[in-house]
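Here is the file my_file_17.cif (mmCIF, C-alpha atoms).
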data_work
loop_
_atom_site.label_atom_id
_atom_site.label_comp_id
_atom_site.auth_asym_id
_atom_site.auth_seq_id
_atom_site.Cartn_x
_atom_site.Cartn_y
_atom_site.Cartn_z
CA MET V 72 -1.57 9.34 -16.98
CA ASP V 73 0.09 7.07 -14.47
CA ILE V 74 -0.98 6.78 -10.85
CA LEU V 75 1.14 7.51 -7.78
CA ARG V 76 0.04 5.83 -4.57
CA PHE V 77 1.47 7.32 -1.41
CA ILE V 78 0.79 7.19 2.32
CA THR V 79 1.13 9.93 4.89
CA ALA V 80 2.67 8.95 8.22
CA GLY V 81 3.44 10.74 11.43
CA SER V 82 2.42 11.16 15.03
CA VAL V 83 -0.89 12.54 16.28
CA ASP V 84 -1.35 16.24 15.39
CA ASP V 85 1.63 16.33 13.04
CA GLY V 86 -0.74 17.56 10.32
CA LYS V 87 -1.26 14.54 8.04
CA SER V 88 -4.94 15.21 7.40
CA THR V 89 -4.31 18.94 6.98
CA LEU V 90 -1.59 18.25 4.40
CA ILE V 91 -3.90 16.01 2.37
CA GLY V 92 -6.68 18.58 2.68
CA ARG V 93 -4.27 21.24 1.44
CA LEU V 94 -3.31 19.12 -1.60
CA LEU V 95 -6.99 18.55 -2.43
CA TYR V 96 -7.89 22.20 -1.82
CA ASP V 97 -5.04 23.79 -3.76
CA SER V 98 -5.37 21.35 -6.68
CA LYS V 99 -9.07 22.34 -6.97
CA SER V 100 -10.21 18.77 -6.21
CA ILE V 101 -12.99 19.88 -3.84
CA LEU V 102 -16.55 20.49 -5.02
CA GLN V 103 -18.37 23.69 -4.05
CA ASP V 104 -20.86 21.85 -1.83
CA GLN V 105 -17.97 20.18 0.01
CA LEU V 106 -16.42 23.59 0.61
CA GLU V 107 -19.69 24.91 2.06
CA VAL V 108 -19.89 21.96 4.48
CA LEU V 109 -16.24 22.48 5.44
CA GLU V 110 -16.81 26.14 6.21
CA LYS V 111 -19.86 25.28 8.30
CA HIS V 112 -18.07 22.66 10.46
CA SER V 113 -14.62 24.30 10.68
CA LYS V 114 -13.48 25.23 14.16
CA ASN V 115 -9.74 25.49 13.49
CA LYS V 116 -9.89 27.86 10.51
CA ASN V 117 -6.92 28.92 8.38
CA GLU V 118 -6.72 32.09 6.31
CA ASP V 119 -9.09 30.55 3.75
CA GLY V 120 -11.71 30.07 6.45
CA VAL V 121 -11.70 26.26 6.46
CA ASP V 122 -10.28 23.42 8.53
CA LEU V 123 -8.71 21.26 5.81
CA ALA V 124 -8.27 18.23 8.09
CA LEU V 125 -12.04 17.66 7.98
CA LEU V 126 -11.70 16.54 4.36
CA THR V 127 -10.10 13.26 5.40
CA ASP V 128 -11.37 12.72 8.95
CA GLY V 129 -14.68 11.31 7.75
CA LEU V 130 -15.83 9.31 10.78
CA ARG V 131 -17.79 11.20 13.43
CA ALA V 132 -15.43 9.95 16.17
CA GLU V 133 -12.49 11.27 14.14
CA ARG V 134 -14.02 14.71 13.86
CA GLU V 135 -14.99 14.86 17.52
CA GLN V 136 -11.54 13.82 18.74
CA GLY V 137 -9.55 15.56 16.02
CA ILE V 138 -7.66 12.35 15.22
CA THR V 139 -7.52 9.82 12.39
CA ILE V 140 -8.74 6.34 13.36
CA ASP V 141 -9.14 4.44 10.09
CA VAL V 142 -7.08 4.54 6.89
CA ALA V 143 -8.81 7.11 4.66
CA TYR V 144 -8.17 6.96 0.91
CA ARG V 145 -8.46 10.14 -1.14
CA TYR V 146 -8.13 10.64 -4.89
CA PHE V 147 -7.11 13.67 -6.89
CA SER V 148 -5.31 14.52 -10.09
CA THR V 149 -3.32 17.27 -11.74
CA ALA V 150 -2.45 17.80 -15.39
CA LYS V 151 0.57 15.51 -14.95
CA ARG V 152 -0.52 12.60 -12.74
CA LYS V 153 -3.30 10.90 -10.79
CA PHE V 154 -2.88 10.30 -7.05
CA ILE V 155 -4.24 7.88 -4.47
CA ILE V 156 -3.45 9.01 -0.92
CA ALA V 157 -3.71 6.83 2.19
CA ASP V 158 -4.12 8.90 5.36
CA ALA V 159 -3.05 6.49 8.12
CA PRO V 160 -3.59 6.92 11.88
CA GLY V 161 -0.73 8.21 14.02
CA HIS V 162 -1.64 6.37 17.23
CA VAL V 163 0.49 3.42 18.30
CA GLN V 164 -2.58 1.16 18.64
CA TYR V 165 -3.34 1.63 14.94
CA THR V 166 0.04 0.40 13.70
CA ARG V 167 -1.76 -2.36 11.78
CA ASN V 168 -3.65 0.26 9.75
CA MET V 169 -0.31 1.86 8.86
CA VAL V 170 1.10 -1.47 7.62
CA THR V 171 -2.02 -2.09 5.51
CA GLY V 172 -1.92 1.34 3.89
CA ALA V 173 1.84 1.31 3.30
CA SER V 174 1.86 -2.13 1.66
CA ASN V 175 0.00 -0.70 -1.36
CA SER V 176 2.00 2.53 -1.63
CA ASP V 177 4.82 3.64 -3.93
CA LEU V 178 6.28 6.04 -1.38
CA MET V 179 5.74 7.32 2.17
CA VAL V 180 5.41 10.94 3.24
CA ILE V 181 6.55 11.16 6.87
CA LEU V 182 5.48 14.35 8.65
CA ILE V 183 7.58 15.74 11.49
CA ASP V 184 6.39 18.57 13.74
CA ALA V 185 9.13 21.22 13.52
CA ARG V 186 8.60 22.03 17.21
CA LYS V 187 9.11 18.43 18.37
CA GLY V 188 11.59 17.01 15.87
CA VAL V 189 12.18 13.27 15.44
CA ILE V 190 10.11 11.25 17.93
CA GLU V 191 9.28 7.59 18.56
CA GLN V 192 6.48 7.45 15.98
CA THR V 193 8.85 8.90 13.37
CA ARG V 194 11.18 5.97 13.97
CA ARG V 195 8.33 3.45 14.01
CA HIS V 196 6.92 4.60 10.67
CA SER V 197 10.40 4.74 9.13
CA ILE V 198 10.95 1.14 10.20
CA ILE V 199 7.67 0.14 8.54
CA ALA V 200 8.88 1.85 5.34
CA SER V 201 12.07 -0.19 5.61
CA LEU V 202 10.24 -3.48 6.27
CA LEU V 203 7.94 -2.94 3.29
CA GLN V 204 10.89 -2.08 1.04
CA LEU V 205 9.55 1.35 0.10
CA LYS V 206 12.28 2.78 -2.10
CA LYS V 207 11.34 6.45 -1.72
CA VAL V 208 10.59 8.42 1.44
CA VAL V 209 9.56 12.07 1.71
CA VAL V 210 10.21 13.84 5.02
CA ALA V 211 7.89 16.86 5.30
CA ILE V 212 8.96 19.01 8.25
CA ASN V 213 5.63 20.64 9.05
CA LYS V 214 4.49 23.64 11.12
CA MET V 215 7.47 25.70 10.05
CA ASP V 216 5.29 28.76 10.65
CA MET V 217 5.40 27.95 14.39
CA VAL V 218 9.21 28.09 14.50
CA ASP V 219 9.51 31.31 12.46
CA TYR V 220 10.52 29.34 9.36
CA SER V 221 13.90 28.65 10.94
CA LYS V 222 16.47 27.21 8.54
CA GLU V 223 18.55 26.02 11.50
CA ILE V 224 15.69 23.96 12.95
CA PHE V 225 14.97 22.44 9.52
CA GLU V 226 18.63 21.51 8.97
CA ASN V 227 18.95 20.01 12.48
CA ILE V 228 15.91 17.77 11.97
CA LYS V 229 17.15 16.81 8.50
CA ALA V 230 20.55 15.82 9.95
CA GLU V 231 18.97 13.79 12.76
CA TYR V 232 16.62 11.92 10.40
CA SER V 233 19.42 11.19 7.92
CA HIS V 234 21.11 9.03 10.59
CA ILE V 235 17.89 7.01 11.02
CA ALA V 236 17.50 6.64 7.25
CA LYS V 237 21.07 5.39 6.87
CA SER V 238 20.67 2.80 9.64
CA LEU V 239 17.44 1.49 8.03
CA GLY V 240 18.78 1.42 4.49
CA LEU V 241 16.43 4.17 3.27
CA LYS V 242 18.53 5.61 0.46
CA ASP V 243 16.15 7.88 -1.46
CA VAL V 244 14.94 10.46 1.09
CA THR V 245 13.80 13.99 0.11
CA TYR V 246 13.17 16.78 2.63
CA PHE V 247 10.65 19.66 2.50
CA PRO V 248 10.07 22.58 4.92
CA ILE V 249 6.28 23.10 4.88
CA SER V 250 3.28 24.57 6.62
CA ALA V 251 0.25 22.50 5.65
CA PHE V 252 -2.01 24.97 7.50
CA ASN V 253 -0.81 28.00 5.51
CA GLY V 254 0.21 26.19 2.32
CA ASP V 255 3.95 27.00 2.40
CA ASN V 256 5.94 24.93 -0.14
CA ILE V 257 3.01 22.62 -0.87
CA VAL V 258 1.90 23.71 -4.35
CA SER V 259 4.26 26.65 -4.83
CA LEU V 260 7.46 27.87 -3.19
CA SER V 261 7.01 30.19 -0.21
CA SER V 262 8.72 33.54 0.29
CA ASN V 263 8.86 32.66 4.00
CA THR V 264 11.58 30.08 3.23
CA ASP V 265 13.69 31.94 0.69
CA TRP V 266 16.65 29.85 1.94
CA TYR V 267 15.01 26.65 0.59
CA LYS V 268 16.13 25.96 -3.00
CA GLY V 269 14.21 22.76 -3.71
CA LYS V 270 10.84 22.07 -5.38
CA PRO V 271 7.40 22.42 -3.79
CA LEU V 272 6.00 19.12 -2.55
CA LEU V 273 3.30 18.70 -5.21
CA GLU V 274 5.77 19.28 -8.03
CA TYR V 275 8.01 16.55 -6.60
CA LEU V 276 5.04 14.15 -6.36
CA GLU V 277 4.08 14.92 -9.96
CA GLU V 278 7.57 14.21 -11.28
CA VAL V 279 8.99 11.47 -9.03
CA ASN V 280 9.95 8.42 -11.08
CA ILE V 281 8.25 5.20 -9.99
CA ASP V 282 8.87 3.12 -13.12
CA GLN V 283 11.38 0.88 -11.34
CA GLU V 284 8.74 0.02 -8.71
CA LYS V 285 6.63 -1.99 -11.18
CA ASN V 286 5.92 -5.61 -10.27
CA LYS V 287 8.08 -8.22 -11.97
CA GLY V 288 6.67 -11.12 -13.97
CA ASN V 289 3.49 -11.62 -15.98
CA ARG V 290 0.72 -12.80 -13.66
CA PHE V 291 -2.98 -13.47 -14.24
CA GLN V 292 -5.24 -15.21 -11.72
CA VAL V 293 -8.56 -16.85 -12.55
CA GLN V 294 -11.52 -15.49 -10.62
CA TYR V 295 -14.30 -17.18 -12.55
CA VAL V 296 -14.64 -19.90 -15.21
CA ILE V 297 -17.15 -18.88 -17.89
CA ARG V 298 -19.13 -21.71 -19.52
CA PRO V 299 -22.36 -20.33 -21.11
CA GLN V 300 -23.36 -23.81 -22.39
CA THR V 301 -25.82 -22.29 -24.84
CA GLU V 302 -26.37 -23.62 -28.35
CA GLU V 303 -24.56 -20.63 -29.84
CA LEU V 304 -21.61 -20.85 -27.40
CA HIS V 305 -21.64 -24.59 -26.78
CA ASP V 306 -17.85 -25.00 -26.75
CA TYR V 307 -16.99 -21.63 -25.17
CA ARG V 308 -14.74 -21.76 -22.11
CA GLY V 309 -13.18 -18.51 -20.86
CA TYR V 310 -11.27 -17.58 -17.74
CA ALA V 311 -12.17 -14.22 -16.21
CA GLY V 312 -9.84 -12.37 -13.89
CA GLN V 313 -7.42 -9.50 -13.60
CA VAL V 314 -3.93 -9.09 -14.97
CA LEU V 315 -2.11 -8.73 -11.64
CA SER V 316 1.22 -7.73 -13.16
CA GLY V 317 2.95 -7.45 -16.53
CA SER V 318 1.04 -8.14 -19.73
CA PHE V 319 -0.28 -10.98 -21.91
CA GLN V 320 -0.57 -11.27 -25.69
CA LYS V 321 -2.62 -13.50 -27.95
CA GLY V 322 -0.39 -16.43 -28.88
CA ASP V 323 1.74 -16.26 -25.71
CA GLN V 324 3.10 -19.59 -24.44
CA ILE V 325 1.93 -19.81 -20.81
CA HIS V 326 2.07 -22.09 -17.78
CA ILE V 327 -1.04 -22.91 -15.75
CA LEU V 328 0.00 -23.04 -12.10
CA PRO V 329 0.07 -24.80 -9.68
CA ALA V 330 -0.55 -27.74 -12.07
CA GLY V 331 2.42 -26.74 -14.26
CA ILE V 332 0.66 -27.42 -17.58
CA ALA V 333 1.84 -25.54 -20.68
CA THR V 334 -0.52 -24.11 -23.32
CA LYS V 335 -1.06 -21.05 -25.54
CA ILE V 336 -3.42 -18.09 -25.29
CA SER V 337 -5.95 -18.36 -28.13
CA SER V 338 -7.79 -15.08 -27.45
CA ILE V 339 -8.10 -12.18 -24.99
CA GLU V 340 -11.38 -10.30 -24.47
CA ILE V 341 -12.02 -6.95 -22.77
CA ASN V 342 -15.60 -5.66 -22.49
CA GLY V 343 -16.82 -8.25 -24.98
CA ALA V 344 -14.32 -7.35 -27.69
CA GLU V 345 -11.19 -9.27 -28.69
CA VAL V 346 -7.87 -7.51 -28.16
CA GLU V 347 -4.30 -8.44 -29.00
CA GLN V 348 -2.80 -7.57 -25.58
CA ALA V 349 -3.86 -6.96 -21.96
CA PHE V 350 -1.92 -5.03 -19.31
CA GLU V 351 -1.56 -4.87 -15.52
CA GLY V 352 -4.77 -3.87 -13.75
CA GLN V 353 -7.12 -4.77 -16.63
CA PRO V 354 -10.04 -7.17 -16.06
CA VAL V 355 -10.04 -9.64 -18.95
CA ILE V 356 -11.28 -12.99 -20.23
CA ILE V 357 -8.51 -15.27 -21.49
CA ARG V 358 -9.13 -18.38 -23.58
CA VAL V 359 -6.51 -21.09 -24.14
CA GLU V 360 -5.90 -23.60 -26.92
CA ASN V 361 -6.23 -26.85 -24.97
CA ASP V 362 -9.00 -28.29 -22.83
CA ILE V 363 -7.37 -28.15 -19.39
CA ASP V 364 -8.83 -28.46 -15.91
CA ILE V 365 -8.49 -24.85 -14.74
CA SER V 366 -10.20 -23.57 -11.58
CA ARG V 367 -10.70 -20.38 -9.60
CA GLY V 368 -7.40 -19.28 -8.07
CA ASP V 369 -5.15 -20.82 -10.73
CA PHE V 370 -2.41 -18.62 -12.19
CA PHE V 371 -1.42 -17.97 -15.81
CA THR V 372 2.23 -16.96 -16.21
CA THR V 373 4.55 -16.62 -19.19
CA THR V 374 7.66 -18.79 -19.38
CA GLU V 375 10.10 -16.13 -18.08
CA GLU V 376 10.32 -15.09 -14.41
CA LEU V 377 8.20 -17.92 -13.08
CA PRO V 378 6.77 -17.59 -9.54
CA GLN V 379 7.34 -20.05 -6.72
CA VAL V 380 4.94 -22.94 -6.22
CA GLU V 381 5.27 -24.30 -2.69
CA LYS V 382 3.33 -25.65 0.26
CA GLU V 383 5.57 -23.76 2.67
CA LEU V 384 6.40 -20.07 2.78
CA GLU V 385 8.13 -17.61 5.06
CA GLY V 386 7.05 -14.07 5.67
CA LEU V 387 6.57 -11.12 7.94
CA LEU V 388 3.19 -11.16 9.59
CA CYS V 389 1.41 -8.16 11.12
CA TRP V 390 -1.08 -9.50 13.66
CA VAL V 391 -4.40 -7.56 13.68
CA ASP V 392 -6.61 -9.69 15.93
CA GLU V 393 -7.40 -9.34 19.63
CA LYS V 394 -6.91 -13.09 20.04
CA ALA V 395 -3.17 -13.86 20.10
CA LEU V 396 -1.33 -16.06 17.59
CA GLN V 397 0.34 -19.24 18.83
CA PRO V 398 2.43 -21.78 16.87
CA GLY V 399 0.25 -24.54 15.45
CA ASN V 400 -2.85 -22.37 15.04
CA LYS V 401 -4.88 -23.17 11.91
CA TYR V 402 -6.31 -20.55 9.56
CA LEU V 403 -7.32 -19.92 5.96
CA ILE V 404 -4.84 -18.10 3.76
CA GLN V 405 -6.43 -15.77 1.20
CA HIS V 406 -4.16 -15.03 -1.76
CA HIS V 407 -6.38 -12.97 -4.04
CA SER V 408 -9.00 -15.43 -5.35
CA ARG V 409 -7.27 -18.55 -3.96
CA LEU V 410 -8.33 -19.67 -0.47
CA LEU V 411 -6.46 -22.53 1.23
CA LYS V 412 -6.26 -24.10 4.65
CA ALA V 413 -3.01 -23.22 6.41
CA VAL V 414 -1.18 -23.66 9.68
CA VAL V 415 1.38 -21.34 11.28
CA LYS V 416 4.14 -23.91 11.87
CA GLU V 417 6.73 -21.71 13.56
CA ILE V 418 7.19 -18.19 14.85
CA ASP V 419 10.88 -17.46 14.31
CA TYR V 420 11.02 -14.09 16.05
CA LYS V 421 9.17 -10.83 16.66
CA ILE V 422 10.41 -7.47 15.40
CA ASP V 423 10.68 -4.54 17.77
CA VAL V 424 9.14 -1.74 15.66
CA ASN V 425 11.09 0.86 17.62
CA THR V 426 14.56 -0.62 17.10
CA LEU V 427 14.14 -3.24 14.31
CA GLU V 428 15.81 -5.77 16.63
CA HIS V 429 14.68 -9.41 16.65
CA GLU V 430 13.03 -10.58 19.86
CA GLU V 431 12.55 -14.11 21.09
CA VAL V 432 8.91 -15.17 21.04
CA LYS V 433 7.68 -16.22 24.45
CA GLY V 434 4.51 -18.07 23.63
CA GLU V 435 2.45 -15.84 21.37
CA VAL V 436 2.15 -12.84 19.06
CA LYS V 437 -0.28 -10.14 20.14
CA LEU V 438 -2.27 -7.38 18.46
CA ASN V 439 -0.15 -4.97 16.34
CA GLU V 440 3.01 -7.07 16.71
CA ILE V 441 5.10 -8.02 13.68
CA ALA V 442 6.71 -11.45 13.50
CA LYS V 443 8.67 -13.65 11.11
CA VAL V 444 6.69 -16.88 10.60
CA ARG V 445 6.69 -20.13 8.63
CA ILE V 446 3.35 -21.19 7.16
CA ARG V 447 2.32 -24.50 5.61
CA THR V 448 -0.64 -24.73 3.25
CA ALA V 449 -2.83 -27.74 2.48
CA GLN V 450 -2.20 -27.37 -1.27
CA PRO V 451 0.53 -25.63 -3.27
CA LEU V 452 0.43 -21.84 -3.30
CA VAL V 453 1.66 -19.75 -6.26
CA PHE V 454 3.51 -16.65 -5.06
CA ASP V 455 6.43 -14.25 -5.49
CA ASP V 456 8.51 -12.56 -2.85
CA PHE V 457 7.14 -9.15 -1.86
CA ILE V 458 10.23 -7.24 -3.00
CA SER V 459 9.84 -8.33 -6.64
CA ASN V 460 6.03 -8.34 -6.81
CA LYS V 461 3.91 -6.63 -4.13
CA THR V 462 0.67 -7.96 -5.58
CA THR V 463 1.50 -11.67 -5.56
CA GLY V 464 3.88 -11.34 -2.60
CA SER V 465 1.20 -10.49 -0.06
CA ALA V 466 -1.71 -12.35 1.48
CA ILE V 467 -3.98 -12.38 4.52
CA LEU V 468 -4.83 -14.95 7.17
CA VAL V 469 -8.51 -15.49 7.98
CA ASP V 470 -10.06 -17.09 11.05
CA GLU V 471 -11.89 -20.28 9.98
CA THR V 472 -14.83 -19.82 12.34
CA SER V 473 -15.46 -16.05 12.37
CA ASN V 474 -14.13 -15.24 8.87
CA ALA V 475 -12.34 -12.27 10.42
CA THR V 476 -9.00 -11.15 8.98
CA VAL V 477 -6.36 -11.82 11.62
CA ALA V 478 -3.08 -10.99 9.85
CA ALA V 479 -1.47 -9.36 6.85
CA ILE V 480 1.47 -11.29 5.38
CA ILE V 481 4.47 -9.99 3.45
CA ILE V 482 5.96 -13.06 1.74
CA GLN V 483 9.71 -13.41 1.83
#
The structure given in the file should be rewritten as structure tokens.
Amino acid sequence: MDILRFITAGSVDDGKSTLIGRLLYDSKSILQDQLEVLEKHSKNKNEDGVDLALLTDGLRAEREQGITIDVAYRYFSTAKRKFIIADAPGHVQYTRNMVTGASNSDLMVILIDARKGVIEQTRRHSIIASLLQLKKVVVAINKMDMVDYSKEIFENIKAEYSHIAKSLGLKDVTYFPISAFNGDNIVSLSSNTDWYKGKPLLEYLEEVNIDQEKNKGNRFQVQYVIRPQTEELHDYRGYAGQVLSGSFQKGDQIHILPAGIATKISSIEINGAEVEQAFEGQPVIIRVENDIDISRGDFFTTTEELPQVEKELEGLLCWVDEKALQPGNKYLIQHHSRLLKAVVKEIDYKIDVNTLEHEEVKGEVKLNEIAKVRIRTAQPLVFDDFISNKTTGSAILVDETSNATVAAIIIQ
């Protein structure tokens, strides 16, 4: 089965955690002992006697305040598909968590409280979906039970959001009238909304086509050079790592980047056994025909759809550190297993996450702000643009002294 990664977004108390809890509960992905703990701690009980939001709000502070603070990842599966859900915080100060969770997602589920309609956080999260080039957006208009399952209210919110989607270039938007608390239109269609003729949310998630979202290009990055240097394996030299995108076959003509040396794959090993082909996501050992100086962080690519190899790159940067960013600041750039010294040469502009307008930078970029920057690295970096390959089109900046992550980068 394939895997669908999606993120839930919305303002505080829009029901993100309850929706995820409902999906886990109704798909029978909760163990009996978890149910017993839920029943014990539930204060806001539904008709099943449990508070489903507690399934994702795992931190004590989250449970006490009834809010989501950190990005919580949950896993479940049905007969048709496996799912990885990112439950992101709704508070403005946790915008950085939203960007992190959304960058690894295939689609975004934006919840809107039917009583409140489209609000500022709805716009902010929609803009993030636009910035990250998410092709599919689900708008779940929640708490329909609190507005008497009004078709008029649903249609009004749908019309208002469609204007936002059009302005942001979000073309594939699907709308659902739901009640996460009661389970309306989540796993099965509800008689309370007999005017709604679409699918239940889970059925849509099981069937939505994400084939076109696959990363372009064949990419493998070396994490470790294996040289046993034993009598039996005296001449053995293998390169361990993960296939980041695409696939590789024994006999493939490849380029070793950034050096630009051409060679052939002589063998591919998975779990100690030789295989003919390896695919995206698989950890493998690749051996090549020639004796070449290959190090940790080097890329193997096939001859078609080559990545860029540059010392300068442009990208959108989400700043996640309390200490502000200023032009000329030096950092380390971590691009999977490759770590290089880097300097932020220029800050072109900041992006207003409420309007998507470009703002002039007056000195620095602060916590949670998004900016377009130019970065120069000490040695060549092998990368793709984020739109064509999310895996090799993203990186992080690390503070040299504290080793703290200070920014997430979407390479353009």
Fill in: Contact residues around range 290-296 of chain V with all atoms listed in the file at 10 Å, ignoring same-chain residues under 5 positions, as a PyMOL selection string
chain V and resi 308-319+327-328+350-357+365-373+376-378+407-409+453-454+460+462-463
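Residue nearest Glu417 in chain V, chosen from V:Ala173, V:Ala449, V:Leu384, V:Ile228 and counting only C-alpha atoms: V:Leu384.
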Worksheet entry | Output of the PyMOL selection byres ((chain V and resi 79) around 10), listed as JSON, numbers by chain | {"V": [77, 78, 80, 81, 86, 87, 88, 90, 91, 156, 157, 158, 159, 160, 161, 169, 172, 173, 176, 178, 179, 180, 181, 182, 196, 209, 210, 211]}
Item to complete: Rank nothing, just name the residue among V:Glu428, V:Glu383, V:Glu277, V:Glu347 nearest to Ile404 in chain V, using all atoms listed in the file.
Response: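 That would be V:Glu383, the residue with the smallest distance to Ile404 in chain V.
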Worksheet item: Which neighbours of Phe154 in chain V fall inside 9 Å, counting only C-alpha atoms, when residues of the same chain fewer than 2 positions from it are skipped, and could you give them as a list in words?
Response: Asp73, Ile74, Leu75, Arg76, Phe77, Arg145, Tyr146, Phe147, Ser148, Thr149, Arg152, Ile156, Leu276 and Glu277 of chain V
Worksheet item: Contacts of Leu273 in chain V at 9 Å or less, counting all atoms listed in the file, minus same-chain residues fewer than 6 places along, as a ChimeraX atom specification?
Response: /V:94,256-259
Worksheet item: Can you tell me how far CA of His234 in chain V sits from CA of Asp423 in chain V, in Å to one decimal?
Response: 18.6 Å
Item to complete: Could you jot down the CA of Asp177 in chain V to CA of Tyr246 in chain V separation for me, Å, one decimal place?
Response: 16.9 Å
Worksheet item: Pick the closest to Gln324 in chain V from V:Tyr307, V:Glu223, V:Gly92, V:Val359: which is it, counting all atoms listed in the file?
Response: V:Val359
Fill in: Within 12 Å of Ile198 in chain V using all atoms listed in the file, minus same-chain residues under 6 positions, as a list in words
Ala80, Thr166, Met169, Val170, Ala173, Met179, Ile181, Glu191, Gln192, Gln204, Leu205, Val208, Ile235, Ala236, Lys237, Ser238, Leu239, Gly240, Leu241, Ile422, Asp423, Val424, Asn425, Thr426, Leu427, Glu428 and Ile441 of chain V
Item to complete: Check what the PyMOL selection byres ((chain V and resi 186-190) around 10) selects in the file above and give those residues as a list in words.
Response: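 Output from the PyMOL selection byres ((chain V and resi 186-190) around 10), applied to this file: Gly81, Ser82, Asp85, Leu182, Ile183, Asp184, Ala185, Glu191, Gln192, Thr193, Arg194, Arg195, Ile212, Asn213, Lys214, Met215, Asp216, Met217, Val218, Ile224, Phe225, Asn227, Ile228, Lys229, Glu231, Tyr232 and Ile235 of chain V.
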